[in-house]
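Step one of this worksheet: look at the structure below.
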Amino acid sequence: MSSNNELYAVADFCLIPIGTGSTSVAEDVAECQRVLEKSGLKYKLHGYGTNLEGPWSQVSKAIHDCHAAVHARGAGRIATDIRIGTRVDKDVPVGDGNDHKVRRVQEILTKDADKQT
């Protein structure tokens, strides 16, 4: 937990604009990425969403701000899928939540490969 007892959150979200008249969402995704850049939180775009991490309230606010920005671009509706994970059983350095998870899986796969050679 952070120093003010706020949960540290690792989120994955996919914002889906509805009613834009286009099958492409690239411009809306780019607008959301601009919002995330300004948030100061660690984030990473991937093919079907974005990983975002930081204090729970800031993560929630950033997703809210993405909604507001995409609505401002003309989307009449937005649906967002969100998965949020928290943990308090061990310390994970701020900004390393998602990277730590990925590294751990990669370590396991490397051990598997070493066993096969």
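Chain lettering (A, B, ...) mirrors the order of the structure tokens, residue numbering begins at 1 for each chain separately, and ligand numbering begins at 1 in order of display.
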
Mind listing the alpha helix (DSSP H) residues of chain A, per DSSP on the backbone, as a short mmCIF file (atom, residue, chain, number, x, y, z; two decimals) with all heavy atoms, in the first residue's frame?
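Written file, selection-v4.cif:
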data_model
loop_
_atom_site.label_atom_id
_atom_site.label_comp_id
_atom_site.auth_asym_id
_atom_site.auth_seq_id
_atom_site.Cartn_x
_atom_site.Cartn_y
_atom_site.Cartn_z
N ALA A 26 -8.91 4.23 -33.57
CA ALA A 26 -7.53 4.68 -33.38
C ALA A 26 -7.43 6.13 -32.88
O ALA A 26 -6.63 6.43 -31.98
CB ALA A 26 -6.74 4.52 -34.69
N GLU A 27 -8.24 7.02 -33.43
CA GLU A 27 -8.18 8.43 -32.98
C GLU A 27 -8.61 8.57 -31.53
O GLU A 27 -8.03 9.34 -30.77
CB GLU A 27 -9.03 9.32 -33.89
CG GLU A 27 -8.50 9.47 -35.31
CD GLU A 27 -7.21 10.29 -35.39
OE1 GLU A 27 -6.94 11.10 -34.48
OE2 GLU A 27 -6.47 10.10 -36.38
N ASP A 28 -9.64 7.81 -31.14
CA ASP A 28 -10.10 7.86 -29.76
C ASP A 28 -9.08 7.24 -28.81
O ASP A 28 -8.84 7.75 -27.71
CB ASP A 28 -11.45 7.15 -29.63
CG ASP A 28 -12.54 7.86 -30.41
OD1 ASP A 28 -12.68 9.09 -30.24
OD2 ASP A 28 -13.24 7.20 -31.18
N VAL A 29 -8.47 6.15 -29.23
CA VAL A 29 -7.42 5.52 -28.42
C VAL A 29 -6.25 6.49 -28.26
O VAL A 29 -5.70 6.63 -27.16
CB VAL A 29 -6.97 4.18 -29.04
CG1 VAL A 29 -5.73 3.65 -28.33
CG2 VAL A 29 -8.10 3.16 -28.97
N ALA A 30 -5.88 7.16 -29.33
CA ALA A 30 -4.79 8.14 -29.26
C ALA A 30 -5.13 9.26 -28.27
O ALA A 30 -4.27 9.69 -27.49
CB ALA A 30 -4.48 8.72 -30.64
N GLU A 31 -6.38 9.70 -28.29
CA GLU A 31 -6.79 10.76 -27.35
C GLU A 31 -6.68 10.27 -25.90
O GLU A 31 -6.20 10.99 -25.03
CB GLU A 31 -8.22 11.22 -27.65
CG GLU A 31 -8.68 12.37 -26.80
CD GLU A 31 -7.87 13.65 -26.99
OE1 GLU A 31 -7.19 13.81 -28.04
OE2 GLU A 31 -7.91 14.50 -26.07
N CYS A 32 -7.08 9.04 -25.66
CA CYS A 32 -6.96 8.47 -24.33
C CYS A 32 -5.49 8.36 -23.92
O CYS A 32 -5.14 8.65 -22.77
CB CYS A 32 -7.65 7.11 -24.28
SG CYS A 32 -7.71 6.38 -22.64
N GLN A 33 -4.63 7.98 -24.84
CA GLN A 33 -3.20 7.88 -24.53
C GLN A 33 -2.63 9.25 -24.16
O GLN A 33 -1.77 9.36 -23.29
CB GLN A 33 -2.43 7.27 -25.69
CG GLN A 33 -2.81 5.82 -26.00
CD GLN A 33 -2.56 4.87 -24.85
OE1 GLN A 33 -1.43 4.68 -24.42
NE2 GLN A 33 -3.62 4.28 -24.33
N ARG A 34 -3.12 10.31 -24.82
CA ARG A 34 -2.69 11.68 -24.46
C ARG A 34 -3.09 12.00 -23.01
O ARG A 34 -2.32 12.61 -22.26
CB ARG A 34 -3.31 12.69 -25.41
CG ARG A 34 -2.77 12.64 -26.81
CD ARG A 34 -3.42 13.71 -27.71
NE ARG A 34 -3.10 13.45 -29.10
CZ ARG A 34 -3.97 13.01 -30.01
NH1 ARG A 34 -5.25 12.80 -29.68
NH2 ARG A 34 -3.59 12.79 -31.25
N VAL A 35 -4.29 11.60 -22.65
CA VAL A 35 -4.77 11.81 -21.28
C VAL A 35 -3.88 11.06 -20.29
O VAL A 35 -3.48 11.60 -19.26
CB VAL A 35 -6.25 11.35 -21.14
CG1 VAL A 35 -6.68 11.28 -19.68
CG2 VAL A 35 -7.16 12.27 -21.94
N LEU A 36 -3.55 9.81 -20.61
CA LEU A 36 -2.72 9.01 -19.71
C LEU A 36 -1.32 9.59 -19.58
O LEU A 36 -0.74 9.56 -18.49
CB LEU A 36 -2.68 7.56 -20.18
CG LEU A 36 -4.02 6.83 -20.17
CD1 LEU A 36 -3.87 5.42 -20.72
CD2 LEU A 36 -4.63 6.82 -18.77
N GLU A 37 -0.79 10.11 -20.65
CA GLU A 37 0.54 10.75 -20.60
C GLU A 37 0.53 11.89 -19.60
O GLU A 37 1.46 12.05 -18.81
CB GLU A 37 0.94 11.23 -21.99
CG GLU A 37 2.29 11.89 -22.04
CD GLU A 37 3.45 10.95 -21.73
OE1 GLU A 37 3.34 9.75 -22.03
OE2 GLU A 37 4.47 11.43 -21.20
N LYS A 38 -0.52 12.68 -19.60
CA LYS A 38 -0.64 13.82 -18.68
C LYS A 38 -0.86 13.38 -17.25
O LYS A 38 -0.57 14.12 -16.32
CB LYS A 38 -1.78 14.74 -19.12
CG LYS A 38 -1.51 15.47 -20.40
CD LYS A 38 -2.71 16.32 -20.80
CE LYS A 38 -2.50 16.91 -22.18
NZ LYS A 38 -3.73 17.59 -22.66
N SER A 39 -1.39 12.15 -17.06
CA SER A 39 -1.71 11.68 -15.70
C SER A 39 -0.47 11.44 -14.86
O SER A 39 -0.54 11.46 -13.63
CB SER A 39 -2.53 10.39 -15.77
OG SER A 39 -1.70 9.27 -16.08
N TRP A 56 -5.04 3.64 -6.50
CA TRP A 56 -6.39 3.32 -6.99
C TRP A 56 -7.15 4.58 -7.44
O TRP A 56 -7.74 4.60 -8.52
CB TRP A 56 -7.16 2.61 -5.89
CG TRP A 56 -8.53 2.16 -6.29
CD1 TRP A 56 -9.62 2.94 -6.53
CD2 TRP A 56 -8.95 0.82 -6.51
NE1 TRP A 56 -10.69 2.17 -6.87
CE2 TRP A 56 -10.31 0.86 -6.86
CE3 TRP A 56 -8.32 -0.42 -6.42
CZ2 TRP A 56 -11.06 -0.28 -7.13
CZ3 TRP A 56 -9.06 -1.55 -6.69
CH2 TRP A 56 -10.41 -1.47 -7.04
N SER A 57 -7.15 5.62 -6.62
CA SER A 57 -7.92 6.82 -6.96
C SER A 57 -7.40 7.49 -8.23
O SER A 57 -8.18 8.00 -9.04
CB SER A 57 -7.93 7.82 -5.80
OG SER A 57 -6.61 8.28 -5.54
N GLN A 58 -6.08 7.47 -8.44
CA GLN A 58 -5.52 8.09 -9.64
C GLN A 58 -5.80 7.25 -10.88
O GLN A 58 -6.04 7.79 -11.96
CB GLN A 58 -4.03 8.31 -9.46
CG GLN A 58 -3.70 9.38 -8.44
CD GLN A 58 -2.20 9.54 -8.24
OE1 GLN A 58 -1.43 9.38 -9.17
NE2 GLN A 58 -1.80 9.84 -7.01
N VAL A 59 -5.75 5.93 -10.73
CA VAL A 59 -6.08 5.04 -11.85
C VAL A 59 -7.54 5.26 -12.25
O VAL A 59 -7.86 5.42 -13.43
CB VAL A 59 -5.82 3.56 -11.48
CG1 VAL A 59 -6.44 2.61 -12.48
CG2 VAL A 59 -4.30 3.32 -11.37
N SER A 60 -8.43 5.30 -11.27
CA SER A 60 -9.85 5.53 -11.55
C SER A 60 -10.08 6.88 -12.21
O SER A 60 -10.86 7.00 -13.16
CB SER A 60 -10.67 5.45 -10.25
OG SER A 60 -10.57 4.17 -9.69
N LYS A 61 -9.39 7.90 -11.72
CA LYS A 61 -9.53 9.24 -12.29
C LYS A 61 -9.03 9.26 -13.73
O LYS A 61 -9.65 9.88 -14.61
CB LYS A 61 -8.79 10.27 -11.47
CG LYS A 61 -8.94 11.69 -12.02
CD LYS A 61 -8.21 12.71 -11.19
CE LYS A 61 -8.39 14.13 -11.68
NZ LYS A 61 -8.55 14.35 -13.10
N ALA A 62 -7.93 8.59 -14.01
CA ALA A 62 -7.39 8.58 -15.37
C ALA A 62 -8.37 7.91 -16.34
O ALA A 62 -8.57 8.40 -17.46
CB ALA A 62 -6.04 7.87 -15.39
N ILE A 63 -9.00 6.83 -15.92
CA ILE A 63 -9.98 6.16 -16.77
C ILE A 63 -11.19 7.09 -16.97
O ILE A 63 -11.70 7.23 -18.08
CB ILE A 63 -10.37 4.79 -16.21
CG1 ILE A 63 -9.14 3.84 -16.23
CG2 ILE A 63 -11.55 4.19 -16.99
CD1 ILE A 63 -9.33 2.53 -15.50
N HIS A 64 -11.62 7.75 -15.92
CA HIS A 64 -12.69 8.75 -16.02
C HIS A 64 -12.31 9.83 -17.02
O HIS A 64 -13.11 10.22 -17.89
CB HIS A 64 -12.95 9.37 -14.65
CG HIS A 64 -13.77 10.62 -14.71
ND1 HIS A 64 -13.21 11.86 -14.94
CD2 HIS A 64 -15.10 10.82 -14.58
CE1 HIS A 64 -14.17 12.77 -14.95
NE2 HIS A 64 -15.32 12.16 -14.73
N ASP A 65 -11.09 10.34 -16.92
CA ASP A 65 -10.65 11.42 -17.80
C ASP A 65 -10.57 10.96 -19.25
O ASP A 65 -10.84 11.74 -20.17
CB ASP A 65 -9.30 11.98 -17.33
CG ASP A 65 -9.41 12.71 -16.00
OD1 ASP A 65 -10.54 12.97 -15.53
OD2 ASP A 65 -8.34 13.00 -15.42
N CYS A 66 -10.23 9.68 -19.47
CA CYS A 66 -10.26 9.13 -20.83
C CYS A 66 -11.69 9.15 -21.36
O CYS A 66 -11.93 9.53 -22.51
CB CYS A 66 -9.71 7.71 -20.85
SG CYS A 66 -7.91 7.61 -20.75
N HIS A 67 -12.65 8.75 -20.53
CA HIS A 67 -14.05 8.80 -20.95
C HIS A 67 -14.44 10.22 -21.33
O HIS A 67 -15.03 10.44 -22.40
CB HIS A 67 -14.96 8.31 -19.81
CG HIS A 67 -15.25 6.86 -19.86
ND1 HIS A 67 -16.50 6.36 -20.16
CD2 HIS A 67 -14.46 5.78 -19.63
CE1 HIS A 67 -16.46 5.04 -20.12
NE2 HIS A 67 -15.23 4.66 -19.80
N ALA A 68 -14.11 11.18 -20.48
CA ALA A 68 -14.50 12.57 -20.74
C ALA A 68 -13.88 13.07 -22.05
O ALA A 68 -14.55 13.74 -22.85
CB ALA A 68 -14.07 13.46 -19.57
N ALA A 69 -12.63 12.72 -22.29
CA ALA A 69 -11.94 13.18 -23.50
C ALA A 69 -12.54 12.56 -24.76
O ALA A 69 -12.69 13.23 -25.78
CB ALA A 69 -10.44 12.87 -23.40
N VAL A 70 -12.88 11.29 -24.69
CA VAL A 70 -13.45 10.62 -25.87
C VAL A 70 -14.89 11.10 -26.10
O VAL A 70 -15.30 11.29 -27.25
CB VAL A 70 -13.34 9.08 -25.73
CG1 VAL A 70 -14.09 8.37 -26.85
CG2 VAL A 70 -11.86 8.67 -25.73
N HIS A 71 -15.64 11.36 -25.04
CA HIS A 71 -16.95 11.97 -25.21
C HIS A 71 -16.81 13.34 -25.88
O HIS A 71 -17.58 13.69 -26.77
CB HIS A 71 -17.68 12.13 -23.87
CG HIS A 71 -18.38 10.90 -23.41
ND1 HIS A 71 -19.32 10.23 -24.17
CD2 HIS A 71 -18.29 10.22 -22.24
CE1 HIS A 71 -19.78 9.20 -23.49
NE2 HIS A 71 -19.17 9.16 -22.31
N ALA A 72 -15.81 14.11 -25.45
CA ALA A 72 -15.59 15.44 -26.03
C ALA A 72 -15.27 15.37 -27.52
O ALA A 72 -15.52 16.32 -28.26
CB ALA A 72 -14.47 16.17 -25.27
N GLY A 97 4.45 -2.96 -11.10
CA GLY A 97 3.44 -3.99 -10.87
C GLY A 97 3.24 -4.91 -12.06
O GLY A 97 3.32 -6.13 -11.93
N ASN A 98 2.97 -4.35 -13.22
CA ASN A 98 2.74 -5.19 -14.39
C ASN A 98 4.03 -5.81 -14.89
O ASN A 98 4.07 -6.99 -15.23
CB ASN A 98 2.07 -4.39 -15.50
CG ASN A 98 1.53 -5.29 -16.58
OD1 ASN A 98 0.69 -6.14 -16.30
ND2 ASN A 98 2.01 -5.13 -17.78
N ASP A 99 5.11 -5.03 -14.93
CA ASP A 99 6.39 -5.57 -15.40
C ASP A 99 6.85 -6.73 -14.54
O ASP A 99 7.40 -7.71 -15.04
CB ASP A 99 7.46 -4.48 -15.41
CG ASP A 99 7.23 -3.43 -16.49
OD1 ASP A 99 6.45 -3.69 -17.44
OD2 ASP A 99 7.82 -2.34 -16.38
N HIS A 100 6.62 -6.63 -13.23
CA HIS A 100 7.01 -7.71 -12.32
C HIS A 100 6.26 -9.00 -12.66
O HIS A 100 6.85 -10.08 -12.69
CB HIS A 100 6.72 -7.29 -10.87
CG HIS A 100 7.03 -8.35 -9.87
ND1 HIS A 100 8.31 -8.61 -9.46
CD2 HIS A 100 6.23 -9.23 -9.22
CE1 HIS A 100 8.29 -9.62 -8.59
NE2 HIS A 100 7.03 -10.00 -8.43
N LYS A 101 4.96 -8.87 -12.96
CA LYS A 101 4.17 -10.05 -13.32
C LYS A 101 4.70 -10.71 -14.59
O LYS A 101 4.83 -11.92 -14.66
CB LYS A 101 2.71 -9.66 -13.53
CG LYS A 101 2.00 -9.24 -12.29
CD LYS A 101 0.59 -8.81 -12.64
CE LYS A 101 -0.08 -8.22 -11.44
NZ LYS A 101 -1.46 -7.88 -11.72
N VAL A 102 5.00 -9.89 -15.57
CA VAL A 102 5.49 -10.40 -16.85
C VAL A 102 6.85 -11.07 -16.66
O VAL A 102 7.09 -12.17 -17.17
CB VAL A 102 5.55 -9.28 -17.91
CG1 VAL A 102 6.25 -9.75 -19.17
CG2 VAL A 102 4.15 -8.78 -18.23
N ARG A 103 7.74 -10.41 -15.91
CA ARG A 103 9.08 -10.99 -15.68
C ARG A 103 8.98 -12.34 -14.98
O ARG A 103 9.71 -13.27 -15.30
CB ARG A 103 9.94 -10.04 -14.84
CG ARG A 103 10.64 -8.98 -15.64
CD ARG A 103 11.74 -8.29 -14.84
NE ARG A 103 11.33 -7.85 -13.52
CZ ARG A 103 10.78 -6.66 -13.25
NH1 ARG A 103 10.55 -5.81 -14.22
NH2 ARG A 103 10.47 -6.34 -12.02
N ARG A 104 8.07 -12.46 -14.03
CA ARG A 104 7.93 -13.71 -13.28
C ARG A 104 7.53 -14.85 -14.22
O ARG A 104 8.09 -15.94 -14.15
CB ARG A 104 6.89 -13.52 -12.17
CG ARG A 104 6.69 -14.75 -11.34
CD ARG A 104 7.91 -15.07 -10.48
NE ARG A 104 7.62 -16.29 -9.75
CZ ARG A 104 8.27 -17.44 -9.91
NH1 ARG A 104 9.29 -17.52 -10.75
NH2 ARG A 104 7.94 -18.50 -9.23
N VAL A 105 6.59 -14.60 -15.12
CA VAL A 105 6.19 -15.63 -16.07
C VAL A 105 7.34 -15.96 -17.02
O VAL A 105 7.60 -17.13 -17.32
CB VAL A 105 4.92 -15.20 -16.85
CG1 VAL A 105 4.62 -16.17 -17.98
CG2 VAL A 105 3.74 -15.08 -15.91
N GLN A 106 8.06 -14.95 -17.46
CA GLN A 106 9.20 -15.18 -18.35
C GLN A 106 10.27 -16.02 -17.67
O GLN A 106 10.90 -16.88 -18.30
CB GLN A 106 9.78 -13.85 -18.83
CG GLN A 106 8.88 -13.14 -19.81
CD GLN A 106 9.32 -11.73 -20.12
OE1 GLN A 106 9.99 -11.06 -19.33
NE2 GLN A 106 8.93 -11.24 -21.30
N GLU A 107 10.50 -15.80 -16.38
CA GLU A 107 11.47 -16.61 -15.63
C GLU A 107 11.05 -18.08 -15.62
O GLU A 107 11.88 -18.98 -15.80
CB GLU A 107 11.58 -16.10 -14.19
CG GLU A 107 12.28 -14.77 -14.05
CD GLU A 107 12.14 -14.19 -12.64
OE1 GLU A 107 11.54 -14.85 -11.75
OE2 GLU A 107 12.60 -13.05 -12.44
N ILE A 108 9.78 -18.33 -15.42
CA ILE A 108 9.28 -19.71 -15.41
C ILE A 108 9.48 -20.34 -16.78
O ILE A 108 9.93 -21.49 -16.89
CB ILE A 108 7.80 -19.73 -14.99
CG1 ILE A 108 7.68 -19.31 -13.52
CG2 ILE A 108 7.18 -21.11 -15.23
CD1 ILE A 108 6.26 -19.02 -13.07
N LEU A 109 9.16 -19.62 -17.83
CA LEU A 109 9.32 -20.16 -19.20
C LEU A 109 10.79 -20.40 -19.54
O LEU A 109 11.12 -21.38 -20.21
CB LEU A 109 8.68 -19.22 -20.21
CG LEU A 109 7.16 -19.11 -20.11
CD1 LEU A 109 6.64 -18.02 -21.04
CD2 LEU A 109 6.49 -20.44 -20.38
N THR A 110 11.68 -19.55 -19.05
CA THR A 110 13.10 -19.73 -19.27
C THR A 110 13.58 -21.01 -18.58
O THR A 110 14.35 -21.79 -19.16
CB THR A 110 13.90 -18.52 -18.76
OG1 THR A 110 13.50 -17.37 -19.50
CG2 THR A 110 15.40 -18.72 -18.93
N LYS A 111 13.11 -21.25 -17.37
CA LYS A 111 13.46 -22.49 -16.67
C LYS A 111 12.98 -23.70 -17.43
O LYS A 111 13.66 -24.71 -17.54
CB LYS A 111 12.89 -22.49 -15.24
CG LYS A 111 13.61 -21.57 -14.29
CD LYS A 111 12.98 -21.62 -12.93
CE LYS A 111 13.62 -20.60 -12.00
NZ LYS A 111 12.97 -20.55 -10.68
N ASP A 112 11.76 -23.62 -17.99
CA ASP A 112 11.22 -24.72 -18.79
C ASP A 112 12.12 -24.99 -20.00
O ASP A 112 12.43 -26.14 -20.31
CB ASP A 112 9.81 -24.39 -19.31
CG ASP A 112 8.76 -24.44 -18.22
OD1 ASP A 112 9.08 -24.85 -17.08
OD2 ASP A 112 7.61 -24.02 -18.50
N ALA A 113 12.55 -23.92 -20.65
CA ALA A 113 13.41 -24.06 -21.84
C ALA A 113 14.76 -24.66 -21.47
O ALA A 113 15.31 -25.49 -22.19
CB ALA A 113 13.58 -22.71 -22.53
N ASP A 114 15.29 -24.25 -20.31
CA ASP A 114 16.58 -24.77 -19.85
C ASP A 114 16.50 -26.27 -19.56
O ASP A 114 17.44 -27.01 -19.81
CB ASP A 114 17.06 -24.02 -18.60
CG ASP A 114 17.48 -22.59 -18.90
OD1 ASP A 114 17.66 -22.24 -20.10
OD2 ASP A 114 17.59 -21.81 -17.94
N LYS A 115 15.36 -26.72 -19.05
CA LYS A 115 15.17 -28.13 -18.73
C LYS A 115 15.14 -28.99 -20.01
O LYS A 115 15.50 -30.14 -20.00
CB LYS A 115 13.89 -28.35 -17.96
CG LYS A 115 13.93 -27.83 -16.55
CD LYS A 115 12.58 -28.05 -15.88
CE LYS A 115 12.54 -27.39 -14.51
NZ LYS A 115 11.21 -27.50 -13.91
N GLN A 116 14.69 -28.39 -21.09
CA GLN A 116 14.55 -29.12 -22.36
C GLN A 116 15.86 -29.22 -23.13
O GLN A 116 15.96 -30.00 -24.06
CB GLN A 116 13.48 -28.47 -23.24
CG GLN A 116 12.10 -28.60 -22.63
CD GLN A 116 11.05 -27.87 -23.44
OE1 GLN A 116 11.33 -27.31 -24.48
NE2 GLN A 116 9.82 -27.93 -22.96
#

All strand (DSSP E) positions in chain A, as a VMD selection string | chain A and resid 8 to 18 42 to 46 49 to 55 77 to 86

Keeping only N, CA and C atoms, write those residues as a JSON list (two decimals), in the first residue's frame.
[["chain", "number", "residue", "atom", "x", "y", "z"],
["A", 8, "TYR", "N", -2.54, 0.18, -4.12],
["A", 8, "TYR", "CA", -1.85, 0.34, -5.39],
["A", 8, "TYR", "C", -2.54, -0.60, -6.37],
["A", 9, "ALA", "N", -2.96, -0.08, -7.50],
["A", 9, "ALA", "CA", -3.75, -0.85, -8.45],
["A", 9, "ALA", "C", -3.00, -1.06, -9.75],
["A", 10, "VAL", "N", -3.12, -2.25, -10.28],
["A", 10, "VAL", "CA", -2.66, -2.56, -11.63],
["A", 10, "VAL", "C", -3.93, -2.88, -12.42],
["A", 11, "ALA", "N", -4.21, -2.06, -13.42],
["A", 11, "ALA", "CA", -5.45, -2.19, -14.17],
["A", 11, "ALA", "C", -5.18, -2.49, -15.63],
["A", 12, "ASP", "N", -6.12, -3.16, -16.24],
["A", 12, "ASP", "CA", -6.14, -3.35, -17.68],
["A", 12, "ASP", "C", -7.51, -2.89, -18.12],
["A", 13, "PHE", "N", -7.56, -1.93, -19.05],
["A", 13, "PHE", "CA", -8.86, -1.48, -19.49],
["A", 13, "PHE", "C", -8.91, -1.31, -20.99],
["A", 14, "CYS", "N", -10.12, -1.48, -21.51],
["A", 14, "CYS", "CA", -10.39, -1.34, -22.93],
["A", 14, "CYS", "C", -11.60, -0.43, -23.08],
["A", 15, "LEU", "N", -11.36, 0.77, -23.56],
["A", 15, "LEU", "CA", -12.40, 1.77, -23.75],
["A", 15, "LEU", "C", -12.96, 1.62, -25.16],
["A", 16, "ILE", "N", -14.28, 1.49, -25.27],
["A", 16, "ILE", "CA", -14.92, 1.22, -26.55],
["A", 16, "ILE", "C", -15.94, 2.32, -26.86],
["A", 17, "PRO", "N", -15.57, 3.25, -27.77],
["A", 17, "PRO", "CA", -16.53, 4.29, -28.16],
["A", 17, "PRO", "C", -17.65, 3.68, -28.99],
["A", 18, "ILE", "N", -18.87, 4.14, -28.77],
["A", 18, "ILE", "CA", -20.03, 3.63, -29.48],
["A", 18, "ILE", "C", -20.75, 4.81, -30.15],
["A", 42, "LYS", "N", 2.08, 5.19, -14.81],
["A", 42, "LYS", "CA", 2.72, 4.27, -15.73],
["A", 42, "LYS", "C", 1.63, 3.55, -16.53],
["A", 43, "TYR", "N", 1.78, 3.52, -17.84],
["A", 43, "TYR", "CA", 0.79, 2.87, -18.69],
["A", 43, "TYR", "C", 1.48, 2.26, -19.90],
["A", 44, "LYS", "N", 0.79, 1.29, -20.49],
["A", 44, "LYS", "CA", 1.33, 0.65, -21.69],
["A", 44, "LYS", "C", 0.17, 0.21, -22.58],
["A", 45, "LEU", "N", 0.14, 0.75, -23.77],
["A", 45, "LEU", "CA", -0.86, 0.38, -24.76],
["A", 45, "LEU", "C", -0.54, -1.00, -25.31],
["A", 46, "HIS", "N", -1.58, -1.80, -25.52],
["A", 46, "HIS", "CA", -1.42, -3.07, -26.21],
["A", 46, "HIS", "C", -2.56, -3.21, -27.21],
["A", 49, "GLY", "N", -6.25, -2.88, -25.55],
["A", 49, "GLY", "CA", -6.45, -2.12, -24.33],
["A", 49, "GLY", "C", -5.17, -1.48, -23.85],
["A", 50, "THR", "N", -5.19, -1.13, -22.59],
["A", 50, "THR", "CA", -4.07, -0.44, -21.96],
["A", 50, "THR", "C", -3.89, -0.94, -20.55],
["A", 51, "ASN", "N", -2.65, -1.21, -20.15],
["A", 51, "ASN", "CA", -2.31, -1.48, -18.76],
["A", 51, "ASN", "C", -2.00, -0.15, -18.10],
["A", 52, "LEU", "N", -2.45, 0.01, -16.88],
["A", 52, "LEU", "CA", -2.30, 1.27, -16.15],
["A", 52, "LEU", "C", -2.07, 0.93, -14.70],
["A", 53, "GLU", "N", -1.14, 1.64, -14.05],
["A", 53, "GLU", "CA", -0.92, 1.35, -12.64],
["A", 53, "GLU", "C", -0.60, 2.58, -11.84],
["A", 54, "GLY", "N", -0.97, 2.52, -10.57],
["A", 54, "GLY", "CA", -0.74, 3.61, -9.64],
["A", 54, "GLY", "C", -1.73, 3.52, -8.50],
["A", 55, "PRO", "N", -1.81, 4.56, -7.67],
["A", 55, "PRO", "CA", -2.80, 4.56, -6.60],
["A", 55, "PRO", "C", -4.22, 4.43, -7.17],
["A", 77, "ARG", "N", -21.66, 7.35, -26.67],
["A", 77, "ARG", "CA", -21.63, 6.34, -25.62],
["A", 77, "ARG", "C", -20.24, 5.73, -25.58],
["A", 78, "ILE", "N", -19.87, 5.24, -24.42],
["A", 78, "ILE", "CA", -18.61, 4.52, -24.25],
["A", 78, "ILE", "C", -18.86, 3.35, -23.32],
["A", 79, "ALA", "N", -18.37, 2.19, -23.71],
["A", 79, "ALA", "CA", -18.37, 1.02, -22.83],
["A", 79, "ALA", "C", -16.91, 0.71, -22.52],
["A", 80, "THR", "N", -16.62, 0.41, -21.28],
["A", 80, "THR", "CA", -15.24, 0.10, -20.89],
["A", 80, "THR", "C", -15.20, -1.17, -20.07],
["A", 81, "ASP", "N", -14.33, -2.08, -20.48],
["A", 81, "ASP", "CA", -14.05, -3.27, -19.70],
["A", 81, "ASP", "C", -12.82, -2.95, -18.85],
["A", 82, "ILE", "N", -12.90, -3.25, -17.56],
["A", 82, "ILE", "CA", -11.80, -2.94, -16.64],
["A", 82, "ILE", "C", -11.54, -4.16, -15.76],
["A", 83, "ARG", "N", -10.27, -4.52, -15.65],
["A", 83, "ARG", "CA", -9.82, -5.50, -14.65],
["A", 83, "ARG", "C", -8.82, -4.77, -13.77],
["A", 84, "ILE", "N", -8.98, -4.88, -12.46],
["A", 84, "ILE", "CA", -8.07, -4.21, -11.54],
["A", 84, "ILE", "C", -7.59, -5.23, -10.52],
["A", 85, "GLY", "N", -6.28, -5.27, -10.35],
["A", 85, "GLY", "CA", -5.71, -6.14, -9.34],
["A", 85, "GLY", "C", -4.97, -5.32, -8.30],
["A", 86, "THR", "N", -5.04, -5.77, -7.06],
["A", 86, "THR", "CA", -4.29, -5.17, -5.97],
["A", 86, "THR", "C", -3.65, -6.30, -5.17]]

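Between A:Val94 and the residues A:Thr117, A:Leu41, A:Tyr48, A:Gly19, the shortest atom-to-atom distance, using only C-alpha atoms, involves A:Leu41.
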
Between atom CA of A:Pro93 and atom CA of A:Asn5 - distance in Å to one decimal = 15.0 Å
